[in-house]
Every structure is written in C-alpha cells, then in structure tokens.
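Take a look at the structure set out below.
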Amino acid sequence: MDFLSANEAGLEGVPDPAVLALAAEQDRILVTADLRTMPQHFGDFLVSHGYCPGVFLVKQRSPLAEVIDELVLVWAASDTDEWKNRILDIPQ
C-alpha cells in the first residue's frame, strides 16, 4: 500500500478537479473527507476525462482505526481495477 498525503503532495488549497487530475495522472485512488463537493467533481471529472482510479469518501468523524482497517481490507482483498470509475464511502 502506497499512500501520499495531501501535505506531501502539496495539495493544500488545490481545487478538487486538480486533485482528481493528479490522482488520475499518478493512477492513485483518492481518499478524501470532502463529502460536500468531491462527489459532484468526481462525476464531472469522469464525464470529461472518461477515467478515474476511484475515490473513497471518509467521514471526518469516522473512527480512524475503522478507516484504516477498511482500507487495509480493500487493499488486501481486491485489485485496484475494481475501483476504477467508482466512488464509495469508507467505512461502509
């Protein structure tokens, strides 16, 4: 599992479409707590670009241990291709 934090990527204040473009360019699934605007931007990005590695939405109040467990489970039990062009809540 290879994570790149928003801080490490220099994404502070970067608009959602640019974050989605960077994730697609690097073929990374985006994990975000931006439940308010990201779903719409994801849909727009998918329509305009035809591809997104995937987006996992995490509620900010979700217990961190549950989020980590779910991400590890997804990583261990699936292939990244299964998440292409999909957006879902983690944990479910």
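Residues in the structure tokens are named by chain (A, B, ... in the order shown) and by number from 1 within that chain; ligands are numbered from 1 in the order shown.
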
Query - Near-region 44-61 of chain A list (8 Å; only C-alpha atoms; drop same-chain fewer than 3 positions) as number ranges by chain - result: A: 17, 20, 23-24, 27-35, 40-41, 67, 80-81, 83-91

Could you name the residues that touch Val72 (chain A) at 12 Å or less, counting only C-alpha atoms, but leaving out those on the same chain fewer than 6 positions away, as a ChimeraX atom specification? /A:1-3,65-66,78,90-91

Restrict the selected residues to C-alpha atoms and save them as a short mmCIF file (atom, residue, chain, number, x, y, z; two decimals), in the first residue's frame.
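Dumped to part-v1.cif:
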```
data_model
loop_
_atom_site.label_atom_id
_atom_site.label_comp_id
_atom_site.auth_asym_id
_atom_site.auth_seq_id
_atom_site.Cartn_x
_atom_site.Cartn_y
_atom_site.Cartn_z
CA MET A 1 0.00 0.00 0.00
CA ASP A 2 1.46 3.34 -1.06
CA PHE A 3 -0.09 6.48 0.43
CA ALA A 65 -9.00 2.60 13.39
CA GLU A 66 -12.11 1.60 11.40
CA SER A 78 -9.21 -6.57 -4.11
CA ILE A 90 -15.16 4.03 3.69
CA PRO A 91 -16.02 2.52 6.14
#
```

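Residue nearest Ala21 (chain A), chosen from A:Leu73, A:Ala6, A:Phe42, A:Glu82 and counting only C-alpha atoms: A:Phe42.
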
task = Could you give me, as JSON, numbers by chain, each residue of region 8-87 of chain A that DSSP assigns to strand (DSSP E or B) when run on this structure's backbone?
result = {"A": [30, 31, 32, 55, 56, 57, 87]}

message = Please compute the CA of Gln92 (chain A)-CA of Trp75 (chain A) distance, one decimal, in Å.
response =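 CA of Trp75 (chain A) lies at a distance of 15.0 Å from CA of Gln92 (chain A).
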